[in-house]
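Reviewing the structure listed below.
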Amino acid sequence: MKKIFGNTISLFVIVIVLLLVIPLNPFVLDIFFIMNISVSLIILLITMNIKEPLEFSIFPSLLLITTLFRIGLNISSTRLILTKQGQAGQVIAAFGTFVLQGNVVVGVIIFLIIVLVQFIVITKGAERVAEVAARFTLDAMPGKQMAIDADLSSGLIDEVQARERRYKIQKEADFYGAMDGATKIVKGDAVMSIIITSINFIAGTIIGIVQSGMEIGDVLQMYSIATIGDGLVSQLPALLISTSTGMIVTRSVSEGSLNTDVSSQFLAQPQAFLIGGGVLFVISVVPGMPKIQLMTVAAILVALGMTATKRMKAAGAMAGMVAGGESLTTAEVDLPEAAPMTEEDYYKDINNVYSLLNVEPIEMEFGYSLIPLVDESSGGKLISRIVIFRRQYAQEMGFVIPSVRLRDSSALNTNQYVIKIKGEEVARGEILTDYYLALEPPNPTGEIDGIETIEPAYGIPSKWITPDVKEMAEIYGYTVIDPLSVVVTHLSETIKRHVSELMNRNEVTQLVENLKKQVPELVEEAFPNVITYSGFQKILCSLLKEGIPIKDLGTILETILDASATTRDIDTMTEQVRVALKRTITRRFCVDGQMRVITLDAELEKVIASSLSKNESGIYLALNPDVMQQMITQLAELVKKFAQLGQPPIILTSHVIRLYFYRLIEQFYPDIYVLSFHEIANNIQIQALGNVTLS
């Protein structure tokens with residue numbers, strides 16, 4: 001069915017092109033005019049009922065087809081008007097007679113008004129909106145990509161949802177780019193309509209007087225009806241399509257269909273109806289005003305306002321009953337209060353003193369103003385967001401993040417928070433709970449008022465803005481994030497950077513015991529004869545440190561067993577494990593079947609390989625300082641390209657130097673990933689964004 005329909009569309013486009021050269025009789029032309037009006041009306045109704053522009057992504061192509069269809073019909077009607085003395089079908093005659101009403105001048109004026117309204121108001125406005133929307137969408141792409149990465153990191157979405165949102169962002173950019181060009185077609189169509197109408201009238205008048213010998217009055221009457229009718233038959237669908245164009249490019253901030261949004265947002269302001277009705281009552285007192293009409297409209301507005309007010313009060317009462325029921329349930333729980341104990345009495349027990357020596361794997365301390373984010377009784381959702389992140393990270397990376405200890409701290413400012421790993425501070429941030437954080441795009445199209453700051457997780461220049469300017473900030477291309485998401489994103493990114501420190505011996509033992517339930521023979525063969533728990537911990541920590549999932553523990557352990565036949569070196573085993581996990585690594589860093597990387601020049605790789613040295617501690621890279629400086633300088637420029645794409649930078653090297661190059665480069669770029677060609681699946685397309693060379 002789809003194939004037949006697709007061929008029908010292709011055939012229809014061919015028929016439209018043939019309309020430019022093949023004459024039509026008036027009966028067939030009437031059918032095509034009715035089809036044109038019907039299709040335009042359907043398109044307008046669709047644009048009013050969609051929730052977002054991408055639901056009607058074929059609109060730019062449809063705009064071209066309908067415009068070409070109208071031009072073909074205009075040429076066919078012009079041929080009939082000039083050759084059949086204005087007899088171009090019943091549709092044109094009906095439109096011309098109805099509008100003219102026996103007065104040629106009035107008909108011409110009405111036609112010009114319709115054309116100019118479409119050309120100057122609707123088409124010009126839609127063109128400007130489409131142009132601005134295309135520029136804003138393209139400028140906001142990096143910020144939106146970062147927002148997706150932040151939601152993915154915090155556990156709000158999974159990898160599949162992130163991929164869908166990235167695809168949607170790309171489709172939005174393509175759609176608005178296409179709409180920017182498609183609106184030029186609508187503008188040109190309006191100009192052509194005026195030109196064709198003028199040609200019909202002037203040429204028809206000349207033909208009627210010179211060739212037919214008719215009286216000038218009869219000629220004007222005959223050709224004015226046909227010309228104005230033809231123009232209106234063409235401009236009515238064109239007006240509908242122009243309105244549809246403006247409708248679809250202004251749906252970016254809507255949450256539902258136009259009908260739903262208008263009814264909900266209008267009825268949410270009953271005072272406006274009441275005040276409007278009162279103003280009309282006052283105006284009706286003015287002498288000479290149509291009192292009946294004014295009073296009727298005023299009464300309707302007041303009735304709508306009172307109805308909306310009653311509905312809002314009923315909804316508020318229902319919400320109050322629900323809230324009251326919850327409070328009553330809470331109040332019914334009556335717990336005995338413990339007798340207060342002083343700090344001195346508490347620490348008289350030596351066991352309580354030992355509790356001071358405990359070091360939590362992960363801690364977060366909050367200032368006083370941030371406690372509502374944590375307190376679930378006050379609606380705080382930080383704990384549930386952390387739980388979601390732990391689950392998502394375990395599913396993706398194969399490591400269960402330890403519990404996060406949350407506590408308040410009087411030593412911090414009221415809006416500050418601190419993240420600690422094993423008792424030591426590793427990150428700090430400050431948020432304003434009543435504000436939103438607006439991340440600046442590369443080229444903002446407008447300025448917004450706010451408090452200058454730096455986004456704590458990625459270091460992006462940002463502003464704390466009030467809720468009333470949130471929509472304006474999004475229009476200007478800013479990515480707006482709520483305070484809770486800022487904290488969760490900062491925490492998740494901090495944990496990812498230090499996850500290798502959290503992989504202790506106890507965690508390794510739990511992972512091995514869990515694997516033992518599935519493949520006991522494999523575990524018994526490996527431990528402790530082939531590898532110790534300490535060595536296995538080092539391998540897992542190395543993988544996690546470089547962002548490699550360890551979920552497939554069976555493959556990791558099997559590879560270690562195979563590698564043990566030739567080496568007992570932990571680094572060599574780790575590199576072989578990475579090769580065995582090539583599909584996992586490819587999935588981790590590949591986007592839509594493509595991997596964007598930075599490559600090293602062959603000569604540079606030779607220099608690096610020749611600079612490998614060995615001592616008692618193992619192999620290390622002793623690179624010439626000048627070569628290192630050149631390399632770091634080039635990388636600084638190439639890494640910026642990845643920031644614009646919203647993805648972490650990746651360097652692709654040979655298998656021989658990968659590990660040692662990573663250890664050299666991580667001190668300058670801790671967030672960079674270094675992969676070897678052996679670690680990438682063969683079916684992946686590699687796109688090099690730059691090449692590091694020797695000057």
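By convention here, the chains of the structure tokens are called A, B, ... in the order presented, each chain's residues are numbered starting at 1, and ligands are numbered starting at 1 in the order presented.
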Can you list, as a PyMOL selection string, every protein, DNA or RNA residue that comes within 7 Å of region 413-421 of chain A when you count only C-alpha atoms, leaving out same-chain residues fewer than 6 positions away? chain A and resi 361-370+427-432
Produce a file of the selected residues containing N, CA, C and O atoms, as a PDB file, in the first residue's frame.
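selection-v9.pdb, written as the output of this step:
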ATOM      1  N   PRO A 361      32.717   6.441  51.130  1.00  0.00           N
ATOM      2  CA  PRO A 361      33.225   6.468  49.740  1.00  0.00           C
ATOM      3  C   PRO A 361      32.823   7.749  49.012  1.00  0.00           C
ATOM      4  O   PRO A 361      33.642   8.377  48.345  1.00  0.00           O
ATOM      5  N   ILE A 362      31.547   8.130  49.155  1.00  0.00           N
ATOM      6  CA  ILE A 362      31.050   9.342  48.490  1.00  0.00           C
ATOM      7  C   ILE A 362      30.211  10.124  49.486  1.00  0.00           C
ATOM      8  O   ILE A 362      29.338   9.562  50.152  1.00  0.00           O
ATOM      9  N   GLU A 363      30.499  11.403  49.595  1.00  0.00           N
ATOM     10  CA  GLU A 363      29.732  12.276  50.485  1.00  0.00           C
ATOM     11  C   GLU A 363      29.327  13.542  49.746  1.00  0.00           C
ATOM     12  O   GLU A 363      30.035  14.010  48.844  1.00  0.00           O
ATOM     13  N   MET A 364      28.185  14.079  50.143  1.00  0.00           N
ATOM     14  CA  MET A 364      27.776  15.404  49.686  1.00  0.00           C
ATOM     15  C   MET A 364      27.331  16.210  50.891  1.00  0.00           C
ATOM     16  O   MET A 364      26.526  15.731  51.700  1.00  0.00           O
ATOM     17  N   GLU A 365      27.875  17.402  51.011  1.00  0.00           N
ATOM     18  CA  GLU A 365      27.488  18.312  52.083  1.00  0.00           C
ATOM     19  C   GLU A 365      26.789  19.518  51.473  1.00  0.00           C
ATOM     20  O   GLU A 365      27.201  20.019  50.415  1.00  0.00           O
ATOM     21  N   PHE A 366      25.737  19.982  52.149  1.00  0.00           N
ATOM     22  CA  PHE A 366      24.906  21.049  51.603  1.00  0.00           C
ATOM     23  C   PHE A 366      24.806  22.209  52.589  1.00  0.00           C
ATOM     24  O   PHE A 366      24.826  22.023  53.811  1.00  0.00           O
ATOM     25  N   GLY A 367      24.694  23.400  52.004  1.00  0.00           N
ATOM     26  CA  GLY A 367      24.360  24.561  52.796  1.00  0.00           C
ATOM     27  C   GLY A 367      22.896  24.540  53.187  1.00  0.00           C
ATOM     28  O   GLY A 367      22.089  23.755  52.664  1.00  0.00           O
ATOM     29  N   TYR A 368      22.524  25.436  54.086  1.00  0.00           N
ATOM     30  CA  TYR A 368      21.178  25.419  54.664  1.00  0.00           C
ATOM     31  C   TYR A 368      20.083  25.571  53.605  1.00  0.00           C
ATOM     32  O   TYR A 368      19.051  24.889  53.653  1.00  0.00           O
ATOM     33  N   SER A 369      20.286  26.430  52.603  1.00  0.00           N
ATOM     34  CA  SER A 369      19.238  26.700  51.619  1.00  0.00           C
ATOM     35  C   SER A 369      18.974  25.516  50.696  1.00  0.00           C
ATOM     36  O   SER A 369      17.925  25.461  50.043  1.00  0.00           O
ATOM     37  N   LEU A 370      19.912  24.569  50.622  1.00  0.00           N
ATOM     38  CA  LEU A 370      19.776  23.447  49.691  1.00  0.00           C
ATOM     39  C   LEU A 370      19.155  22.212  50.332  1.00  0.00           C
ATOM     40  O   LEU A 370      18.955  21.202  49.661  1.00  0.00           O
ATOM     41  N   ALA A 427      35.101  18.316  44.499  1.00  0.00           N
ATOM     42  CA  ALA A 427      34.322  19.249  43.688  1.00  0.00           C
ATOM     43  C   ALA A 427      33.458  20.099  44.607  1.00  0.00           C
ATOM     44  O   ALA A 427      33.089  19.685  45.702  1.00  0.00           O
ATOM     45  N   ARG A 428      33.144  21.282  44.118  1.00  0.00           N
ATOM     46  CA  ARG A 428      32.330  22.225  44.884  1.00  0.00           C
ATOM     47  C   ARG A 428      31.489  23.023  43.906  1.00  0.00           C
ATOM     48  O   ARG A 428      31.914  23.312  42.779  1.00  0.00           O
ATOM     49  N   GLY A 429      30.287  23.373  44.322  1.00  0.00           N
ATOM     50  CA  GLY A 429      29.411  24.163  43.477  1.00  0.00           C
ATOM     51  C   GLY A 429      28.505  25.056  44.292  1.00  0.00           C
ATOM     52  O   GLY A 429      28.426  24.946  45.523  1.00  0.00           O
ATOM     53  N   GLU A 430      27.819  25.943  43.594  1.00  0.00           N
ATOM     54  CA  GLU A 430      26.889  26.869  44.245  1.00  0.00           C
ATOM     55  C   GLU A 430      25.691  27.059  43.327  1.00  0.00           C
ATOM     56  O   GLU A 430      25.857  27.328  42.125  1.00  0.00           O
ATOM     57  N   ILE A 431      24.495  26.882  43.858  1.00  0.00           N
ATOM     58  CA  ILE A 431      23.284  27.017  43.057  1.00  0.00           C
ATOM     59  C   ILE A 431      22.295  27.925  43.763  1.00  0.00           C
ATOM     60  O   ILE A 431      22.365  28.133  44.975  1.00  0.00           O
ATOM     61  N   LEU A 432      21.361  28.448  42.975  1.00  0.00           N
ATOM     62  CA  LEU A 432      20.272  29.277  43.488  1.00  0.00           C
ATOM     63  C   LEU A 432      18.973  28.519  43.235  1.00  0.00           C
ATOM     64  O   LEU A 432      18.572  28.310  42.088  1.00  0.00           O
TER      65      LEU A 432
END
Quick one: residues within 9 Å of Thr309 (chain A), only C-alpha atoms, excluding same-chain residues fewer than 6 positions away - as a PDB file with N, CA and C atoms, in the first residue's frame?
ATOM      1  N   LEU A 267      -8.540  30.274  29.129  1.00  0.00           N
ATOM      2  CA  LEU A 267      -9.396  30.041  30.287  1.00  0.00           C
ATOM      3  C   LEU A 267      -8.622  30.064  31.599  1.00  0.00           C
ATOM      4  N   ALA A 268      -7.291  30.048  31.532  1.00  0.00           N
ATOM      5  CA  ALA A 268      -6.485  30.145  32.747  1.00  0.00           C
ATOM      6  C   ALA A 268      -6.393  31.583  33.260  1.00  0.00           C
ATOM      7  N   GLN A 269      -6.926  32.543  32.497  1.00  0.00           N
ATOM      8  CA  GLN A 269      -6.896  33.958  32.905  1.00  0.00           C
ATOM      9  C   GLN A 269      -8.317  34.518  32.916  1.00  0.00           C
ATOM     10  N   PRO A 270      -9.140  34.096  33.861  1.00  0.00           N
ATOM     11  CA  PRO A 270     -10.549  34.564  33.866  1.00  0.00           C
ATOM     12  C   PRO A 270     -10.680  36.058  34.116  1.00  0.00           C
ATOM     13  N   GLN A 271      -9.719  36.652  34.813  1.00  0.00           N
ATOM     14  CA  GLN A 271      -9.806  38.089  35.092  1.00  0.00           C
ATOM     15  C   GLN A 271      -9.804  38.906  33.801  1.00  0.00           C
TER      16      GLN A 271
END
Using only C-alpha atoms, find each residue in region 496-598 of chain A having at least one atom no more than 8 Å away from region 650-653 of chain A; report its shortest atom-to-atom pair and that distance in Å (one decimal), rows by chain then rising number, as a tab-separated table.
residue	atom	partner	partner_atom	distance
A:Arg596	CA	A:Ile650	CA	7.2
A:Val597	CA	A:Ile650	CA	4.9
A:Ile598	CA	A:Ile651	CA	4.6
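By only C-alpha atoms, and with residues fewer than 6 positions from region 560-574 of chain A along its chain excluded, the set lying at most 9 Å from it is A:Glu525, A:Ala526, A:Val530, A:Ile531, A:Gly535, A:Phe536, A:Lys538, A:Ile539, A:Leu540, A:Ser542, A:Leu543, A:Leu659.
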Selection to disk with N, CA, C and O atoms, as a PDB file, in the first residue's frame:
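The resulting file, out.pdb, is reproduced below:
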ATOM      1  N   GLU A 525      39.234 -21.519  37.994  1.00  0.00           N
ATOM      2  CA  GLU A 525      40.451 -21.645  37.192  1.00  0.00           C
ATOM      3  C   GLU A 525      41.327 -20.395  37.294  1.00  0.00           C
ATOM      4  O   GLU A 525      42.557 -20.471  37.270  1.00  0.00           O
ATOM      5  N   ALA A 526      40.682 -19.230  37.415  1.00  0.00           N
ATOM      6  CA  ALA A 526      41.430 -17.964  37.393  1.00  0.00           C
ATOM      7  C   ALA A 526      42.016 -17.598  38.749  1.00  0.00           C
ATOM      8  O   ALA A 526      43.161 -17.139  38.844  1.00  0.00           O
ATOM      9  N   VAL A 530      46.017 -18.068  38.503  1.00  0.00           N
ATOM     10  CA  VAL A 530      46.398 -17.270  37.330  1.00  0.00           C
ATOM     11  C   VAL A 530      46.528 -15.792  37.683  1.00  0.00           C
ATOM     12  O   VAL A 530      47.481 -15.119  37.286  1.00  0.00           O
ATOM     13  N   ILE A 531      45.569 -15.267  38.412  1.00  0.00           N
ATOM     14  CA  ILE A 531      45.590 -13.847  38.769  1.00  0.00           C
ATOM     15  C   ILE A 531      45.031 -13.680  40.171  1.00  0.00           C
ATOM     16  O   ILE A 531      44.132 -14.418  40.600  1.00  0.00           O
ATOM     17  N   GLY A 535      45.506  -8.057  41.331  1.00  0.00           N
ATOM     18  CA  GLY A 535      45.749  -7.831  39.908  1.00  0.00           C
ATOM     19  C   GLY A 535      44.457  -7.602  39.137  1.00  0.00           C
ATOM     20  O   GLY A 535      44.389  -6.744  38.240  1.00  0.00           O
ATOM     21  N   PHE A 536      43.426  -8.372  39.480  1.00  0.00           N
ATOM     22  CA  PHE A 536      42.132  -8.208  38.817  1.00  0.00           C
ATOM     23  C   PHE A 536      41.555  -6.825  39.106  1.00  0.00           C
ATOM     24  O   PHE A 536      40.957  -6.188  38.234  1.00  0.00           O
ATOM     25  N   LYS A 538      43.279  -4.086  39.624  1.00  0.00           N
ATOM     26  CA  LYS A 538      44.018  -3.105  38.817  1.00  0.00           C
ATOM     27  C   LYS A 538      43.501  -3.073  37.380  1.00  0.00           C
ATOM     28  O   LYS A 538      43.380  -1.994  36.775  1.00  0.00           O
ATOM     29  N   ILE A 539      43.202  -4.249  36.833  1.00  0.00           N
ATOM     30  CA  ILE A 539      42.691  -4.290  35.460  1.00  0.00           C
ATOM     31  C   ILE A 539      41.327  -3.607  35.378  1.00  0.00           C
ATOM     32  O   ILE A 539      41.080  -2.781  34.485  1.00  0.00           O
ATOM     33  N   LEU A 540      40.442  -3.920  36.313  1.00  0.00           N
ATOM     34  CA  LEU A 540      39.110  -3.306  36.304  1.00  0.00           C
ATOM     35  C   LEU A 540      39.187  -1.797  36.519  1.00  0.00           C
ATOM     36  O   LEU A 540      38.454  -1.031  35.880  1.00  0.00           O
ATOM     37  N   SER A 542      41.670   0.173  35.694  1.00  0.00           N
ATOM     38  CA  SER A 542      42.194   0.779  34.464  1.00  0.00           C
ATOM     39  C   SER A 542      41.098   0.923  33.419  1.00  0.00           C
ATOM     40  O   SER A 542      41.009   1.949  32.728  1.00  0.00           O
ATOM     41  N   LEU A 543      40.261  -0.101  33.298  1.00  0.00           N
ATOM     42  CA  LEU A 543      39.170  -0.027  32.329  1.00  0.00           C
ATOM     43  C   LEU A 543      38.167   1.061  32.698  1.00  0.00           C
ATOM     44  O   LEU A 543      37.764   1.870  31.853  1.00  0.00           O
ATOM     45  N   LEU A 659      48.613   2.851  25.312  1.00  0.00           N
ATOM     46  CA  LEU A 659      48.642   2.982  26.762  1.00  0.00           C
ATOM     47  C   LEU A 659      49.588   4.087  27.200  1.00  0.00           C
ATOM     48  O   LEU A 659      49.235   4.926  28.046  1.00  0.00           O
TER      49      LEU A 659
END
List the neighbours of Glu666 (chain A) out to 12 Å using only C-alpha atoms; skip same-chain residues closer than 6 positions along the sequence, and give me the result as an mmCIF file with C-alpha atoms, in the first residue's frame.
data_model
loop_
_atom_site.group_PDB
_atom_site.id
_atom_site.type_symbol
_atom_site.label_atom_id
_atom_site.label_comp_id
_atom_site.auth_asym_id
_atom_site.auth_seq_id
_atom_site.Cartn_x
_atom_site.Cartn_y
_atom_site.Cartn_z
ATOM 1 C CA ARG A 497 35.944 10.914 36.909
ATOM 2 C CA LYS A 545 39.253 5.001 34.485
ATOM 3 C CA GLU A 546 39.207 5.154 30.681
ATOM 4 C CA ILE A 632 49.834 19.581 23.154
ATOM 5 C CA PRO A 649 37.328 14.030 22.341
ATOM 6 C CA ILE A 650 38.778 10.728 21.120
ATOM 7 C CA ILE A 651 42.345 10.122 19.904
ATOM 8 C CA ARG A 658 48.108 3.561 23.042
ATOM 9 C CA LEU A 659 48.642 2.982 26.762
ATOM 10 C CA TYR A 660 51.781 5.083 27.065
ATOM 11 C CA ILE A 672 40.108 12.702 26.672
ATOM 12 C CA TYR A 673 39.819 9.107 25.449
ATOM 13 C CA VAL A 674 42.646 7.278 23.675
#
Could you give me, as a PyMOL selection string, the residues within 12 Å of Leu664 (chain A), counting only C-alpha atoms and dropping anything in the same chain fewer than 3 positions from it? chain A and resi 608+612+620-623+625+628-629+631-632+657-661+667-670+672+674
Residue selection dump (N, CA, C and O atoms) as a JSON list (two decimals), in the first residue's frame:
[["chain", "number", "residue", "atom", "x", "y", "z"],
["A", 608, "ILE", "N", 57.11, 8.56, 18.81],
["A", 608, "ILE", "CA", 56.62, 8.14, 20.13],
["A", 608, "ILE", "C", 57.07, 6.71, 20.43],
["A", 608, "ILE", "O", 57.52, 6.41, 21.54],
["A", 612, "LEU", "N", 59.94, 5.06, 23.71],
["A", 612, "LEU", "CA", 59.59, 4.18, 24.82],
["A", 612, "LEU", "C", 60.84, 3.64, 25.49],
["A", 612, "LEU", "O", 61.77, 3.15, 24.83],
["A", 620, "TYR", "N", 57.94, 3.26, 30.08],
["A", 620, "TYR", "CA", 57.41, 4.62, 30.15],
["A", 620, "TYR", "C", 57.82, 5.36, 28.89],
["A", 620, "TYR", "O", 58.71, 4.91, 28.14],
["A", 621, "LEU", "N", 57.17, 6.51, 28.65],
["A", 621, "LEU", "CA", 57.41, 7.29, 27.45],
["A", 621, "LEU", "C", 58.28, 8.49, 27.78],
["A", 621, "LEU", "O", 57.89, 9.36, 28.56],
["A", 622, "ALA", "N", 59.49, 8.53, 27.21],
["A", 622, "ALA", "CA", 60.43, 9.64, 27.42],
["A", 622, "ALA", "C", 60.47, 10.47, 26.14],
["A", 622, "ALA", "O", 61.38, 10.32, 25.31],
["A", 623, "LEU", "N", 59.47, 11.33, 25.97],
["A", 623, "LEU", "CA", 59.33, 12.09, 24.73],
["A", 623, "LEU", "C", 60.08, 13.41, 24.82],
["A", 623, "LEU", "O", 60.14, 14.05, 25.88],
["A", 625, "PRO", "N", 60.80, 17.17, 24.88],
["A", 625, "PRO", "CA", 59.91, 18.26, 25.33],
["A", 625, "PRO", "C", 59.37, 19.11, 24.18],
["A", 625, "PRO", "O", 58.22, 19.56, 24.23],
["A", 628, "MET", "N", 56.63, 17.19, 22.52],
["A", 628, "MET", "CA", 55.46, 17.18, 23.41],
["A", 628, "MET", "C", 54.73, 18.52, 23.35],
["A", 628, "MET", "O", 53.49, 18.56, 23.30],
["A", 629, "GLN", "N", 55.47, 19.63, 23.33],
["A", 629, "GLN", "CA", 54.85, 20.95, 23.29],
["A", 629, "GLN", "C", 54.07, 21.15, 22.00],
["A", 629, "GLN", "O", 52.95, 21.67, 21.99],
["A", 631, "MET", "N", 52.76, 18.83, 20.16],
["A", 631, "MET", "CA", 51.62, 17.94, 20.19],
["A", 631, "MET", "C", 50.50, 18.51, 21.07],
["A", 631, "MET", "O", 49.32, 18.51, 20.68],
["A", 632, "ILE", "N", 50.83, 19.02, 22.24],
["A", 632, "ILE", "CA", 49.83, 19.58, 23.15],
["A", 632, "ILE", "C", 49.17, 20.81, 22.54],
["A", 632, "ILE", "O", 47.96, 21.02, 22.66],
["A", 657, "ILE", "N", 51.45, 2.00, 21.04],
["A", 657, "ILE", "CA", 51.73, 3.19, 21.86],
["A", 657, "ILE", "C", 50.51, 3.67, 22.62],
["A", 657, "ILE", "O", 50.60, 4.64, 23.37],
["A", 658, "ARG", "N", 49.35, 3.04, 22.46],
["A", 658, "ARG", "CA", 48.11, 3.56, 23.04],
["A", 658, "ARG", "C", 48.20, 3.84, 24.53],
["A", 658, "ARG", "O", 47.91, 4.93, 25.00],
["A", 659, "LEU", "N", 48.61, 2.85, 25.31],
["A", 659, "LEU", "CA", 48.64, 2.98, 26.76],
["A", 659, "LEU", "C", 49.59, 4.09, 27.20],
["A", 659, "LEU", "O", 49.23, 4.93, 28.05],
["A", 660, "TYR", "N", 50.76, 4.13, 26.62],
["A", 660, "TYR", "CA", 51.78, 5.08, 27.06],
["A", 660, "TYR", "C", 51.44, 6.50, 26.60],
["A", 660, "TYR", "O", 51.73, 7.47, 27.32],
["A", 661, "PHE", "N", 50.82, 6.61, 25.44],
["A", 661, "PHE", "CA", 50.37, 7.92, 24.98],
["A", 661, "PHE", "C", 49.26, 8.44, 25.89],
["A", 661, "PHE", "O", 49.21, 9.63, 26.21],
["A", 667, "GLN", "N", 47.42, 13.89, 31.83],
["A", 667, "GLN", "CA", 47.73, 14.96, 32.77],
["A", 667, "GLN", "C", 47.37, 16.33, 32.21],
["A", 667, "GLN", "O", 47.17, 17.28, 32.96],
["A", 668, "PHE", "N", 47.27, 16.43, 30.87],
["A", 668, "PHE", "CA", 46.87, 17.69, 30.25],
["A", 668, "PHE", "C", 45.37, 17.70, 29.92],
["A", 668, "PHE", "O", 44.71, 18.73, 30.04],
["A", 669, "TYR", "N", 44.85, 16.55, 29.51],
["A", 669, "TYR", "CA", 43.44, 16.44, 29.14],
["A", 669, "TYR", "C", 42.85, 15.21, 29.83],
["A", 669, "TYR", "O", 42.78, 14.13, 29.24],
["A", 670, "PRO", "N", 42.42, 15.35, 31.08],
["A", 670, "PRO", "CA", 41.91, 14.18, 31.83],
["A", 670, "PRO", "C", 40.62, 13.60, 31.26],
["A", 670, "PRO", "O", 40.28, 12.45, 31.52],
["A", 672, "ILE", "N", 39.92, 13.18, 28.03],
["A", 672, "ILE", "CA", 40.11, 12.70, 26.67],
["A", 672, "ILE", "C", 40.19, 11.18, 26.68],
["A", 672, "ILE", "O", 40.60, 10.57, 27.68],
["A", 674, "VAL", "N", 41.66, 7.75, 24.64],
["A", 674, "VAL", "CA", 42.65, 7.28, 23.68],
["A", 674, "VAL", "C", 42.32, 5.83, 23.34],
["A", 674, "VAL", "O", 42.32, 4.96, 24.22]]
Would you list, as a ChimeraX atom specification, the residues of region 360-395 of chain A that end up in helix (DSSP H, G or I) under DSSP run on this structure's backbone? /A:368-374,376-378,382-395
Go through A:Ala272, A:Ile460, A:Ile81, A:Leu44 and flag the residue nearest Thr227 (chain A), using only C-alpha atoms for the distances. A:Ile81
Report the distance between CA of Leu515 (chain A) and CA of Ile157 (chain A) in Å, rounded to one decimal place.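 Those two atoms sit 27.5 Å apart.
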